Every structure is written in C-alpha cells, then in structure tokens.
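Quick look at model.pdb (PDB, C-alpha atoms):
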ATOM      1  CA  MET K   1       0.000   0.000   0.000
ATOM      2  CA  SER K   2       1.107   3.555  -0.538
ATOM      3  CA  ASP K   3       2.223   5.737   2.347
ATOM      4  CA  ASN K   4      -0.942   7.748   2.029
ATOM      5  CA  GLY K   5      -3.175   4.689   2.206
ATOM      6  CA  ILE K   6      -5.733   3.556  -0.348
ATOM      7  CA  SER K   7      -8.908   5.473  -1.067
ATOM      8  CA  LEU K   8     -11.880   4.183  -3.024
ATOM      9  CA  ARG K   9     -11.169   6.697  -5.788
ATOM     10  CA  SER K  10      -7.632   5.391  -6.238
ATOM     11  CA  LEU K  11      -8.825   1.849  -6.924
ATOM     12  CA  HIS K  12      -9.400   0.409 -10.390
ATOM     13  CA  ARG K  13     -12.753   1.933 -11.326
ATOM     14  CA  PRO K  14     -14.193  -0.821 -13.587
ATOM     15  CA  LEU K  15     -13.440  -3.393 -10.871
ATOM     16  CA  VAL K  16     -15.032  -1.180  -8.209
ATOM     17  CA  VAL K  17     -18.110  -0.814 -10.439
ATOM     18  CA  LEU K  18     -18.204  -4.598 -10.885
ATOM     19  CA  THR K  19     -17.981  -5.049  -7.107
ATOM     20  CA  GLY K  20     -20.860  -2.617  -6.569
ATOM     21  CA  ALA K  21     -22.973  -4.348  -9.204
ATOM     22  CA  MET K  22     -22.325  -7.702  -7.523
ATOM     23  CA  ALA K  23     -23.370  -6.251  -4.157
ATOM     24  CA  VAL K  24     -26.681  -5.073  -5.636
ATOM     25  CA  LEU K  25     -27.275  -8.376  -7.428
ATOM     26  CA  CYS K  26     -26.410 -10.236  -4.225
ATOM     27  CA  ALA K  27     -29.192  -8.385  -2.387
ATOM     28  CA  VAL K  28     -31.614  -9.096  -5.240
ATOM     29  CA  SER K  29     -30.605 -12.775  -5.206
ATOM     30  CA  LEU K  30     -31.262 -13.035  -1.472
ATOM     31  CA  LEU K  31     -34.722 -11.594  -2.050
ATOM     32  CA  GLY K  32     -35.236 -13.996  -4.948
ATOM     33  CA  LEU K  33     -34.358 -16.947  -2.734
ATOM     34  CA  LEU K  34     -37.109 -15.859  -0.364
ATOM     35  CA  VAL K  35     -39.912 -15.157  -2.843
ATOM     36  CA  ASP K  36     -39.148 -17.205  -5.992
ATOM     37  CA  ASP K  37     -39.684 -20.971  -5.686
ATOM     38  CA  ARG K  38     -38.457 -21.925  -9.167
ATOM     39  CA  VAL K  39     -35.832 -24.660  -9.385
ATOM     40  CA  ILE K  40     -33.133 -25.582 -11.948
ATOM     41  CA  VAL K  41     -31.247 -28.888 -11.685
ATOM     42  CA  ASN K  42     -32.784 -29.475  -8.246
ATOM     43  CA  ALA K  43     -31.478 -26.175  -6.843
ATOM     44  CA  PRO K  44     -33.269 -22.843  -6.201
ATOM     45  CA  ILE K  45     -33.010 -20.711  -9.321
ATOM     46  CA  TRP K  46     -31.507 -17.770  -7.399
ATOM     47  CA  LEU K  47     -28.848 -19.830  -5.600
ATOM     48  CA  LYS K  48     -26.259 -19.764  -8.392
ATOM     49  CA  PRO K  49     -26.577 -15.968  -8.897
ATOM     50  CA  PHE K  50     -26.179 -15.508  -5.134
ATOM     51  CA  LYS K  51     -23.047 -17.667  -4.924
ATOM     52  CA  PHE K  52     -21.496 -16.069  -7.993
ATOM     53  CA  THR K  53     -22.118 -12.518  -6.784
ATOM     54  CA  VAL K  54     -20.384 -13.237  -3.469
ATOM     55  CA  ALA K  55     -17.419 -14.934  -5.153
ATOM     56  CA  ILE K  56     -17.004 -12.428  -7.987
ATOM     57  CA  GLY K  57     -17.606  -9.370  -5.796
ATOM     58  CA  SER K  58     -14.925 -10.403  -3.310
ATOM     59  CA  TYR K  59     -12.567 -11.386  -6.128
ATOM     60  CA  ALA K  60     -13.038  -8.087  -7.996
ATOM     61  CA  ILE K  61     -12.347  -5.852  -4.992
ATOM     62  CA  THR K  62      -9.299  -7.950  -4.095
ATOM     63  CA  LEU K  63      -7.978  -7.603  -7.638
ATOM     64  CA  ALA K  64      -8.582  -3.846  -7.461
ATOM     65  CA  LEU K  65      -6.564  -3.653  -4.230
ATOM     66  CA  LEU K  66      -3.863  -5.820  -5.774
ATOM     67  CA  LEU K  67      -3.561  -3.625  -8.861
ATOM     68  CA  SER K  68      -3.198  -0.576  -6.610
ATOM     69  CA  GLN K  69       0.175  -2.051  -5.578
ATOM     70  CA  VAL K  70       1.470  -2.116  -9.144
ATOM     71  CA  ARG K  71       4.107   0.515  -9.865
ATOM     72  CA  ARG K  72       5.793  -0.888 -12.961
ATOM     73  CA  GLY K  73       3.368  -1.296 -15.838
ATOM     74  CA  ARG K  74       0.425   0.455 -14.186
ATOM     75  CA  ARG K  75      -1.313   1.080 -17.499
ATOM     76  CA  ILE K  76      -0.950  -2.568 -18.474
ATOM     77  CA  GLY K  77      -2.401  -3.488 -15.082
ATOM     78  CA  TRP K  78      -5.342  -1.136 -15.656
ATOM     79  CA  TRP K  79      -6.152  -2.773 -18.982
ATOM     80  CA  LEU K  80      -5.850  -6.270 -17.521
ATOM     81  CA  GLY K  81      -8.250  -5.346 -14.731
ATOM     82  CA  THR K  82     -10.637  -3.838 -17.267
ATOM     83  CA  VAL K  83     -10.575  -6.968 -19.433
ATOM     84  CA  PHE K  84     -11.381  -9.057 -16.362
ATOM     85  CA  ALA K  85     -14.213  -6.720 -15.287
ATOM     86  CA  VAL K  86     -15.828  -6.635 -18.749
ATOM     87  CA  ALA K  87     -15.492 -10.393 -19.360
ATOM     88  CA  ILE K  88     -16.874 -11.417 -15.973
ATOM     89  CA  GLY K  89     -19.501  -8.672 -16.032
ATOM     90  CA  LEU K  90     -20.799  -9.978 -19.357
ATOM     91  CA  ASP K  91     -20.808 -13.530 -17.996
ATOM     92  CA  MET K  92     -22.900 -12.443 -15.011
ATOM     93  CA  ALA K  93     -25.337 -10.577 -17.250
ATOM     94  CA  LEU K  94     -25.764 -13.727 -19.348
ATOM     95  CA  LEU K  95     -26.162 -15.823 -16.204
ATOM     96  CA  VAL K  96     -29.076 -13.675 -15.061
ATOM     97  CA  PHE K  97     -30.605 -13.600 -18.557
ATOM     98  CA  GLN K  98     -30.329 -17.357 -19.080
ATOM     99  CA  MET K  99     -31.423 -18.520 -15.642
ATOM    100  CA  ILE K 100     -33.810 -15.883 -14.344
ATOM    101  CA  PHE K 101     -35.437 -14.659 -17.549
ATOM    102  CA  ARG K 102     -35.191 -17.774 -19.750
ATOM    103  CA  ASP K 103     -35.531 -20.232 -16.863
ATOM    104  CA  GLN K 104     -32.789 -22.431 -18.354
ATOM    105  CA  GLN K 105     -29.598 -24.073 -17.101
ATOM    106  CA  LEU K 106     -26.522 -21.918 -17.742
ATOM    107  CA  HIS K 107     -23.433 -24.107 -17.741
ATOM    108  CA  PHE K 108     -23.000 -27.068 -20.099
ATOM    109  CA  ASN K 109     -26.370 -26.347 -21.781
ATOM    110  CA  ARG K 110     -26.466 -27.128 -25.512
ATOM    111  CA  ALA K 111     -30.137 -28.016 -25.825
ATOM    112  CA  THR K 112     -30.866 -25.288 -28.408
ATOM    113  CA  PRO K 113     -28.743 -22.993 -30.613
ATOM    114  CA  THR K 114     -29.469 -20.114 -28.209
ATOM    115  CA  ASP K 115     -28.417 -22.164 -25.189
ATOM    116  CA  SER K 116     -25.269 -23.276 -26.990
ATOM    117  CA  ALA K 117     -24.394 -19.699 -28.016
ATOM    118  CA  ILE K 118     -24.819 -18.402 -24.460
ATOM    119  CA  ASN K 119     -22.749 -21.291 -23.102
ATOM    120  CA  ASN K 120     -19.965 -20.545 -25.591
ATOM    121  CA  VAL K 121     -19.894 -16.823 -24.773
ATOM    122  CA  VAL K 122     -19.798 -17.518 -21.026
ATOM    123  CA  ALA K 123     -16.953 -20.021 -21.528
ATOM    124  CA  GLY K 124     -15.108 -17.452 -23.656
ATOM    125  CA  GLY K 125     -15.491 -14.843 -20.921
ATOM    126  CA  ALA K 126     -14.108 -17.271 -18.361
ATOM    127  CA  TYR K 127     -11.066 -18.081 -20.514
ATOM    128  CA  LEU K 128     -10.457 -14.382 -21.228
ATOM    129  CA  SER K 129     -10.553 -13.539 -17.529
ATOM    130  CA  TRP K 130      -8.162 -16.443 -16.864
ATOM    131  CA  LEU K 131      -5.695 -15.011 -19.365
ATOM    132  CA  ALA K 132      -6.009 -11.572 -17.734
ATOM    133  CA  ILE K 133      -5.183 -13.011 -14.305
ATOM    134  CA  ALA K 134      -2.278 -14.970 -15.812
ATOM    135  CA  ALA K 135      -0.890 -11.686 -17.134
ATOM    136  CA  VAL K 136      -1.370 -10.070 -13.708
ATOM    137  CA  VAL K 137       0.728 -12.884 -12.187
ATOM    138  CA  VAL K 138       3.522 -12.069 -14.645
ATOM    139  CA  LEU K 139       3.166  -8.340 -13.922
ATOM    140  CA  LEU K 140       3.547  -8.967 -10.191
ATOM    141  CA  LEU K 141       6.878 -10.673 -10.765
ATOM    142  CA  PHE K 142       8.312  -7.306 -11.775
ATOM    143  CA  GLN K 143       7.041  -5.358  -8.756
ATOM    144  CA  ARG K 144       9.124  -4.353  -5.752
ATOM    145  CA  MET K 145       7.105  -4.057  -2.564
ATOM    146  CA  PRO K 146       8.212  -2.766   0.837
ATOM    147  CA  ASP K 147       7.235  -5.938   2.703
ATOM    148  CA  ARG K 148       8.639  -9.132   1.194
ATOM    149  CA  ALA K 149       6.238 -11.349   3.151
ATOM    150  CA  LEU K 150       3.221  -9.532   1.696
ATOM    151  CA  SER K 151       4.865  -9.574  -1.728
ATOM    152  CA  SER K 152       5.236 -13.359  -1.515
ATOM    153  CA  ALA K 153       1.624 -13.707  -0.380
ATOM    154  CA  LEU K 154       0.369 -11.639  -3.307
ATOM    155  CA  ARG K 155       2.387 -13.614  -5.839
ATOM    156  CA  TRP K 156       1.550 -17.038  -4.411
ATOM    157  CA  GLY K 157      -2.088 -16.072  -3.901
ATOM    158  CA  THR K 158      -2.538 -14.820  -7.440
ATOM    159  CA  GLY K 159      -0.707 -17.838  -8.880
ATOM    160  CA  LEU K 160      -2.887 -20.285  -6.945
ATOM    161  CA  SER K 161      -5.947 -18.281  -7.947
ATOM    162  CA  LEU K 162      -4.928 -18.811 -11.549
ATOM    163  CA  ALA K 163      -4.659 -22.551 -10.885
ATOM    164  CA  GLY K 164      -8.115 -22.494  -9.305
ATOM    165  CA  MET K 165      -9.566 -20.911 -12.412
ATOM    166  CA  ALA K 166      -7.808 -23.535 -14.535
ATOM    167  CA  ALA K 167      -9.392 -26.306 -12.448
ATOM    168  CA  ALA K 168     -12.756 -25.300 -13.895
ATOM    169  CA  MET K 169     -11.581 -26.573 -17.276
ATOM    170  CA  PHE K 170     -12.008 -30.146 -16.013
ATOM    171  CA  MET K 171     -15.749 -29.460 -15.887
ATOM    172  CA  PHE K 172     -15.913 -28.879 -19.623
ATOM    173  CA  THR K 173     -15.262 -32.468 -20.699
ATOM    174  CA  ALA K 174     -17.873 -35.000 -21.702
ATOM    175  CA  THR K 175     -19.178 -37.296 -18.979
ATOM    176  CA  PRO K 176     -19.403 -41.071 -19.685
ATOM    177  CA  GLU K 177     -23.133 -40.662 -20.369
ATOM    178  CA  GLN K 178     -22.488 -37.826 -22.827
ATOM    179  CA  GLN K 179     -19.720 -39.815 -24.514
ATOM    180  CA  ALA K 180     -22.173 -42.695 -24.979
ATOM    181  CA  VAL K 181     -24.559 -40.340 -26.797
ATOM    182  CA  PHE K 182     -21.735 -39.142 -29.063
ATOM    183  CA  ARG K 183     -20.809 -42.759 -29.901
ATOM    184  CA  THR K 184     -24.339 -43.376 -31.172
ATOM    185  CA  GLY K 185     -24.071 -40.343 -33.450
ATOM    186  CA  GLY K 186     -26.314 -38.192 -31.282
ATOM    187  CA  SER K 187     -25.768 -34.813 -29.661
ATOM    188  CA  PRO K 188     -26.339 -34.583 -25.879
ATOM    189  CA  SER K 189     -28.295 -31.621 -24.534
ATOM    190  CA  THR K 190     -25.466 -30.877 -22.093
ATOM    191  CA  PHE K 191     -21.692 -31.093 -22.412
ATOM    192  CA  GLY K 192     -19.638 -31.297 -19.219
ATOM    193  CA  ALA K 193     -20.674 -31.329 -15.569
ATOM    194  CA  HIS K 194     -19.733 -30.145 -12.101
ATOM    195  CA  THR K 195     -19.932 -33.613 -10.563
ATOM    196  CA  VAL K 196     -17.730 -36.638 -11.251
ATOM    197  CA  GLY K 197     -19.199 -40.089 -10.724
ATOM    198  CA  ALA K 198     -22.741 -38.849 -10.140
ATOM    199  CA  PRO K 199     -25.231 -36.655 -12.006
ATOM    200  CA  ASP K 200     -25.426 -32.935 -11.319
ATOM    201  CA  GLY K 201     -28.317 -31.942  -9.094
ATOM    202  CA  GLY K 202     -27.972 -34.829  -6.644
ATOM    203  CA  PRO K 203     -27.676 -34.610  -2.836
ATOM    204  CA  GLY K 204     -25.381 -31.793  -1.779
ATOM    205  CA  LEU K 205     -24.064 -29.754   1.120
ATOM    206  CA  PRO K 206     -26.229 -26.880   2.413
ATOM    207  CA  ILE K 207     -25.882 -23.530   0.576
ATOM    208  CA  THR K 208     -22.941 -24.591  -1.622
ATOM    209  CA  GLY K 209     -24.730 -27.604  -3.089
ATOM    210  CA  TRP K 210     -21.427 -29.464  -3.378
ATOM    211  CA  SER K 211     -22.110 -33.128  -4.025
ATOM    212  CA  THR K 212     -22.186 -35.547  -1.107
ATOM    213  CA  VAL K 213     -22.361 -38.617  -3.385
ATOM    214  CA  GLY K 214     -19.655 -37.894  -5.971
ATOM    215  CA  GLY K 215     -16.631 -35.757  -6.699
ATOM    216  CA  ASP K 216     -17.343 -32.062  -7.215
ATOM    217  CA  LEU K 217     -14.962 -29.925  -9.273
ATOM    218  CA  ARG K 218     -16.508 -26.739  -7.938
ATOM    219  CA  ILE K 219     -14.687 -27.303  -4.642
ATOM    220  CA  PRO K 220     -11.053 -27.030  -5.869
ATOM    221  CA  HIS K 221     -12.191 -24.267  -8.229
ATOM    222  CA  PHE K 222     -13.609 -22.283  -5.298
ATOM    223  CA  VAL K 223     -10.670 -22.951  -2.980
ATOM    224  CA  GLY K 224      -8.126 -22.100  -5.659
ATOM    225  CA  ILE K 225      -9.562 -18.800  -6.855
ATOM    226  CA  HIS K 226      -9.856 -17.438  -3.319
ATOM    227  CA  ALA K 227      -6.181 -17.991  -2.533
ATOM    228  CA  MET K 228      -5.777 -14.424  -3.804
ATOM    229  CA  GLN K 229      -7.638 -13.267  -0.697
ATOM    230  CA  ALA K 230      -6.567 -15.894   1.828
ATOM    231  CA  LEU K 231      -2.771 -15.630   1.563
ATOM    232  CA  PRO K 232      -2.502 -11.805   1.662
ATOM    233  CA  LEU K 233      -4.866 -11.837   4.666
ATOM    234  CA  ILE K 234      -2.512 -14.298   6.367
ATOM    235  CA  ALA K 235       0.431 -11.999   5.639
ATOM    236  CA  LEU K 236      -1.417  -8.983   7.046
ATOM    237  CA  GLY K 237      -2.508 -11.043  10.048
ATOM    238  CA  LEU K 238       1.132 -11.870  10.775
ATOM    239  CA  VAL K 239       1.956  -8.152  10.770
ATOM    240  CA  LEU K 240      -0.771  -7.540  13.341
ATOM    241  CA  LEU K 241       0.346 -10.504  15.467
ATOM    242  CA  ALA K 242       3.913  -9.156  15.401
ATOM    243  CA  ARG K 243       2.812  -6.422  17.795
ATOM    244  CA  ARG K 244       2.261  -9.100  20.409
ATOM    245  CA  TYR K 245       4.758 -11.790  19.405
ATOM    246  CA  PRO K 246       8.298 -10.420  18.911
ATOM    247  CA  VAL K 247       9.437 -13.411  16.837
ATOM    248  CA  LEU K 248       7.133 -12.252  14.036
ATOM    249  CA  ARG K 249       8.755  -8.824  13.813
ATOM    250  CA  ALA K 250      11.483 -10.240  11.566
ATOM    251  CA  GLU K 251      10.431 -10.021   7.946
ATOM    252  CA  GLY K 252      12.256 -13.263   7.158
ATOM    253  CA  VAL K 253      10.170 -15.167   9.713
ATOM    254  CA  ARG K 254       6.930 -13.799   8.323
ATOM    255  CA  ARG K 255       8.018 -14.591   4.793
ATOM    256  CA  ARG K 256       8.811 -18.206   5.668
ATOM    257  CA  LEU K 257       5.420 -18.511   7.354
ATOM    258  CA  VAL K 258       3.759 -17.181   4.211
ATOM    259  CA  TRP K 259       5.624 -19.780   2.140
ATOM    260  CA  THR K 260       4.446 -22.436   4.596
ATOM    261  CA  ALA K 261       0.861 -21.220   4.295
ATOM    262  CA  ALA K 262       1.179 -21.194   0.494
ATOM    263  CA  PHE K 263       2.450 -24.786   0.522
ATOM    264  CA  GLY K 264      -0.426 -25.857   2.754
ATOM    265  CA  TYR K 265      -2.965 -24.059   0.590
ATOM    266  CA  ALA K 266      -1.500 -25.558  -2.587
ATOM    267  CA  GLY K 267      -1.510 -29.003  -0.973
ATOM    268  CA  MET K 268      -5.161 -28.635  -0.020
ATOM    269  CA  PHE K 269      -6.009 -27.504  -3.549
ATOM    270  CA  VAL K 270      -4.214 -30.476  -5.125
ATOM    271  CA  ILE K 271      -5.858 -32.964  -2.753
ATOM    272  CA  LEU K 272      -9.323 -31.530  -3.403
ATOM    273  CA  THR K 273      -8.752 -31.664  -7.169
ATOM    274  CA  TRP K 274      -7.455 -35.242  -6.963
ATOM    275  CA  GLN K 275     -10.393 -36.223  -4.773
ATOM    276  CA  ALA K 276     -12.958 -34.672  -7.131
ATOM    277  CA  LEU K 277     -11.448 -36.265 -10.248
ATOM    278  CA  ARG K 278     -11.683 -39.685  -8.564
ATOM    279  CA  GLY K 279     -15.418 -39.162  -8.080
ATOM    280  CA  GLN K 280     -15.085 -38.994  -4.312
ATOM    281  CA  SER K 281     -17.284 -36.689  -2.261
ATOM    282  CA  VAL K 282     -15.567 -34.162  -0.007
ATOM    283  CA  ALA K 283     -17.955 -35.365   2.697
ATOM    284  CA  HIS K 284     -16.644 -38.957   2.510
ATOM    285  CA  PRO K 285     -12.832 -38.959   2.147
ATOM    286  CA  ASP K 286     -11.155 -42.347   1.884
ATOM    287  CA  PHE K 287      -7.959 -43.567   3.551
ATOM    288  CA  TRP K 288      -5.667 -42.224   0.814
ATOM    289  CA  THR K 289      -7.231 -38.762   0.883
ATOM    290  CA  LEU K 290      -6.898 -38.614   4.662
ATOM    291  CA  LEU K 291      -3.311 -39.854   4.447
ATOM    292  CA  ALA K 292      -2.402 -37.165   1.915
ATOM    293  CA  ALA K 293      -4.075 -34.499   4.053
ATOM    294  CA  ALA K 294      -2.208 -35.753   7.139
ATOM    295  CA  GLY K 295       1.073 -35.566   5.199
ATOM    296  CA  VAL K 296       0.448 -31.963   4.168
ATOM    297  CA  LEU K 297      -0.544 -31.073   7.734
ATOM    298  CA  ALA K 298       2.639 -32.669   9.123
ATOM    299  CA  VAL K 299       4.791 -30.634   6.743
ATOM    300  CA  ILE K 300       2.927 -27.450   7.704
ATOM    301  CA  VAL K 301       3.448 -28.080  11.424
ATOM    302  CA  ALA K 302       7.157 -28.867  10.961
ATOM    303  CA  ALA K 303       7.752 -25.899   8.649
ATOM    304  CA  THR K 304       5.922 -23.547  11.015
ATOM    305  CA  ALA K 305       8.045 -24.698  13.939
ATOM    306  CA  LEU K 306      11.225 -24.169  11.925
ATOM    307  CA  SER K 307      10.038 -20.787  10.635
ATOM    308  CA  VAL K 308       9.435 -19.235  14.056
ATOM    309  CA  ARG K 309      12.677 -20.400  15.658
ATOM    310  CA  SER K 310      14.534 -17.504  17.274
ATOM    311  CA  ARG K 311      17.309 -15.918  15.289
ATOM    312  CA  PRO K 312      18.831 -12.458  14.880
ATOM    313  CA  VAL K 313      17.367  -9.894  12.510
ATOM    314  CA  PHE K 314      19.702  -8.958   9.679
ATOM    315  CA  ARG K 315      19.989  -5.458   8.336
ATOM    316  CA  SER K 316      18.448  -6.436   5.022
ATOM    317  CA  GLU K 317      15.226  -7.317   6.811
ATOM    318  CA  THR K 318      12.650  -4.800   7.854
ATOM    319  CA  VAL K 319      11.216  -4.901  11.330
ATOM    320  CA  VAL K 320       7.535  -4.290  11.960
ATOM    321  CA  GLY K 321       6.909  -1.171  13.999
ATOM    322  CA  VAL K 322       5.244  -1.884  17.298
ATOM    323  CA  GLY K 323       4.619   1.530  18.699
TER
END

Could you write out this file's structure as structure tokens?
Amino acid sequence: MSDNGISLRSLHRPLVVLTGAMAVLCAVSLLGLLVDDRVIVNAPIWLKPFKFTVAIGSYAITLALLLSQVRRGRRIGWWLGTVFAVAIGLDMALLVFQMIFRDQQLHFNRATPTDSAINNVVAGGAYLSWLAIAAVVVLLLFQRMPDRALSSALRWGTGLSLAGMAAAMFMFTATPEQQAVFRTGGSPSTFGAHTVGAPDGGPGLPITGWSTVGGDLRIPHFVGIHAMQALPLIALGLVLLARRYPVLRAEGVRRRLVWTAAFGYAGMFVILTWQALRGQSVAHPDFWTLLAAAGVLAVIVAATALSVRSRPVFRSETVVGVG
C-alpha cells in the first residue's frame, strides 16, 4: 500500500463498479431466494446468482486492491483489470438472462442454438478472464514491494488463484453418459458437468450444493480462486500478530510462514482436485485422501516450527513497527 493509504477513488474503477454491481445483485438474489420458488437442476433458481455474486464481488475488490500495488506497468495493469471486469460482467449478465429470464440451465447447456451460443460466450469470458489473471501474475513478478512477506503472499495467492480458475476446465469435458450419446451419433443436450461419478443436481451440502455422493470440481475451483484473498490476509494477520509476538517482527520469519501457508494451501487444492477427479465426495474422504491431508498437515506443522525459531534480525530485513 502507498504511504498515504488507499482510497476508493484510487482503486481500479471498472473493478469497483463490478464489485458494486455484484453487491446489488447479491441483495436481489437473497430476495429472490425468499420469494421465488423456481428450481433448476434441483437447486433454487436464485442460488447460483447468489453464490457467484459473493465470489465475484470479493474477487473483484481484491484484484482492485492488488492492482493498486502495481508501480511498474500500471497502465498494463489497468487494462488487464478492465478486461477481467468486462469479461466477468458480461458472464454475469448472461447468467441472469439465461437462468432468471429464460428459466434455463446456464453451464453445459447445448439443448438449443441459443443455449449453446450463451454457453460458448460464457466459456469465452471465463477463458479471457483467466488469461487476464495470468498476465497479472507475470506483472507482479516485476514489482518491488516494501514488505517481502506480503509480496510473496500476493504472488503465491494470485498464482494459486490462476490454478483455481484452470481447475474449472475439467468441468468442460464430456461425462461417460455424454460420450455414450456421441458414440451413437447423437448430440447430448449438455456437455460437461460439475460432478464426477454422479449426475449434477444430486444430494449436496447446504448452501454450496457441493455433491455428497460424488466428486465435485466446484470445490477445488472455489478454494483455488480465493487464494488471492486468503494468503494476503494471512500476511497482514502476521503483521498484526507481530505487535504481540516479537518473533514475528522479523520479515524473514513472516516470509517463511507465508511460504508455509502457500504450501499448505497448494496441498489442499491439489488434494481436493485429486479427490474430485476420482469421483469422491468431499464429505466422505477415503484412507488415501486422509493420508495425503495428514502428510500436508505434518509438513505445515514442521515448517511452522522451523520458521518461528529464534534468530537475529539482519539489516536487510525490515522490522515491523510496534509503537
């Protein structure tokens, strides 16, 4: 952050507008959940808009804050943020049009030429936003920030967010049932699915709807994309904790803890992706999933213990003020 702090006016305006639009649509979606009893694929019709507004709104404001840290290539950063805002904004507009006004499934829907066209445009917007975030990751590599721990958190968080967006690509492959239709020379009404090993719309967890009977690719997708918020928040939390715990005042200690958190987050993302692709519900992990999770946890505990060991602060490291 700059020495003068960050004001709303200094943030990337298209992303701020997108955040505001998502906040309004979120309120409308909550109202829709209360008064509209329509259902699509066994879920309330307003549930997907609600979940997407929360996810995209938080993502957009985080990206705006992230771009405010860019000093080299600011104009490039502005255009990348604008591409993301326009692409995702168009996707959300099509989501509302397709689901609320046409009363049709959004993702994977190829039942009619109109459904197929909307599905293709939404997929194109998702890929375009992915490319914009990939470019932001590269742009961050060329930035020098005053706090190396926060810098590491921003880079790792954005990189893992990019991986989370890429995980969604697994959804856009034909299921065994759809492949069977293709083999007979037919054309299935849907192409791709959220769930592996079970049909979409089956039993799921409250609110999220994540499958409790099969693997669900939405889980690693969700976890991955929000690394961009989680890891910088951890870095900022360490700065606050340094006021109480002197060992955290050394920038090197905080940076190693951020790396540890990034490893743990990446491990969780990989395990969730592996679990989903095997058709295993997050609610019913098997022995191998639990073993992998235990291994990641053991590494995190060991790395944390090593990271906070006492050692002198070198001149090259900054020390958090604790006035």

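Interatomic distance, atom CA of Gly204 of chain K against atom CA of Gln280 of chain K: 12.8 Å.
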
Evaluating the PyMOL selection byres ((chain K and resi 162) around 10) on the displayed file yields which residues, as a short mmCIF file (atom, residue, chain, number, x, y, z; two decimals) with C-alpha atoms, in the frame of the given file?
data_model
loop_
_atom_site.label_atom_id
_atom_site.label_comp_id
_atom_site.auth_asym_id
_atom_site.auth_seq_id
_atom_site.Cartn_x
_atom_site.Cartn_y
_atom_site.Cartn_z
CA SER K 129 -10.55 -13.54 -17.53
CA TRP K 130 -8.16 -16.44 -16.86
CA LEU K 131 -5.70 -15.01 -19.36
CA ALA K 132 -6.01 -11.57 -17.73
CA ILE K 133 -5.18 -13.01 -14.30
CA ALA K 134 -2.28 -14.97 -15.81
CA ALA K 135 -0.89 -11.69 -17.13
CA VAL K 136 -1.37 -10.07 -13.71
CA VAL K 137 0.73 -12.88 -12.19
CA TRP K 156 1.55 -17.04 -4.41
CA GLY K 157 -2.09 -16.07 -3.90
CA THR K 158 -2.54 -14.82 -7.44
CA GLY K 159 -0.71 -17.84 -8.88
CA LEU K 160 -2.89 -20.28 -6.94
CA SER K 161 -5.95 -18.28 -7.95
CA ALA K 163 -4.66 -22.55 -10.88
CA GLY K 164 -8.12 -22.49 -9.30
CA MET K 165 -9.57 -20.91 -12.41
CA ALA K 166 -7.81 -23.54 -14.54
CA ALA K 167 -9.39 -26.31 -12.45
CA HIS K 221 -12.19 -24.27 -8.23
CA GLY K 224 -8.13 -22.10 -5.66
CA ILE K 225 -9.56 -18.80 -6.86
CA HIS K 226 -9.86 -17.44 -3.32
CA ALA K 227 -6.18 -17.99 -2.53
CA MET K 228 -5.78 -14.42 -3.80
#

| task | Rounded to one decimal place, report the atom CA of Lys48 of chain K-atom CA of His12 of chain K distance in Å. | result | 26.4 Å

| request: Excluding Leu11 of chain K and any residue of its chain fewer than 4 positions from it, enumerate the residues within 12 Å of it, using all atoms listed in the file, and give them as a VMD selection string. | output: chain K and resid 1 to 2 5 to 7 15 to 17 19 60 to 70 74 77 to 78 81 to 82

| request: Let me know the residues the PyMOL selection byres ((chain K and resi 100) around 12) catches in the file above, as a PyMOL selection string. | output: chain K and resi 28-29+32-33+36-40+44-50+92-99+101-106

Suppose a student applies the PyMOL selection byres ((chain K and resi 141) around 10) to this structure; what residues should they get, written as a PDB file with C-alpha atoms, in the frame of the given file?
ATOM      1  CA  VAL K 136      -1.370 -10.070 -13.708  1.00  0.00           C
ATOM      2  CA  VAL K 137       0.728 -12.884 -12.187  1.00  0.00           C
ATOM      3  CA  VAL K 138       3.522 -12.069 -14.645  1.00  0.00           C
ATOM      4  CA  LEU K 139       3.166  -8.340 -13.922  1.00  0.00           C
ATOM      5  CA  LEU K 140       3.547  -8.967 -10.191  1.00  0.00           C
ATOM      6  CA  PHE K 142       8.312  -7.306 -11.775  1.00  0.00           C
ATOM      7  CA  GLN K 143       7.041  -5.358  -8.756  1.00  0.00           C
ATOM      8  CA  ARG K 144       9.124  -4.353  -5.752  1.00  0.00           C
ATOM      9  CA  SER K 151       4.865  -9.574  -1.728  1.00  0.00           C
ATOM     10  CA  SER K 152       5.236 -13.359  -1.515  1.00  0.00           C
ATOM     11  CA  LEU K 154       0.369 -11.639  -3.307  1.00  0.00           C
ATOM     12  CA  ARG K 155       2.387 -13.614  -5.839  1.00  0.00           C
TER      13      ARG K 155
END

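The space separating atom CA of Phe52 of chain K from atom CA of Gly20 of chain K comes to 13.5 Å.
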
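Shortest separation to Glu251 of chain K among K:Ile88, K:Val270, K:Ala294, K:Ala235 occurs at residue K:Ala235, atoms counted being only C-alpha atoms.
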
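Between Arg254 of chain K and the residues K:Ile76, K:Ala180, K:Val239, K:Leu31, the shortest atom-to-atom distance, using all atoms listed in the file, involves K:Val239.
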
| Do you know which residues are at most 8 Å from segment 287-290 of chain K counting only C-alpha atoms, after dropping those on the same chain fewer than 3 positions away, and could you put them as a PyMOL selection string? | chain K and resi 271+275+293-294

Would you put the residues from that selection into a file with C-alpha atoms, as a CSV table (one decimal), in the coordinates of the input?
chain,number,residue,atom,x,y,z
K,271,ILE,CA,-5.9,-33.0,-2.8
K,275,GLN,CA,-10.4,-36.2,-4.8
K,293,ALA,CA,-4.1,-34.5,4.1
K,294,ALA,CA,-2.2,-35.8,7.1

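The smallest atom-to-atom distance between Val223 of chain K and any of K:Leu257, K:Leu205, K:Ala168, K:Leu277, using only C-alpha atoms, is found for K:Ala168.
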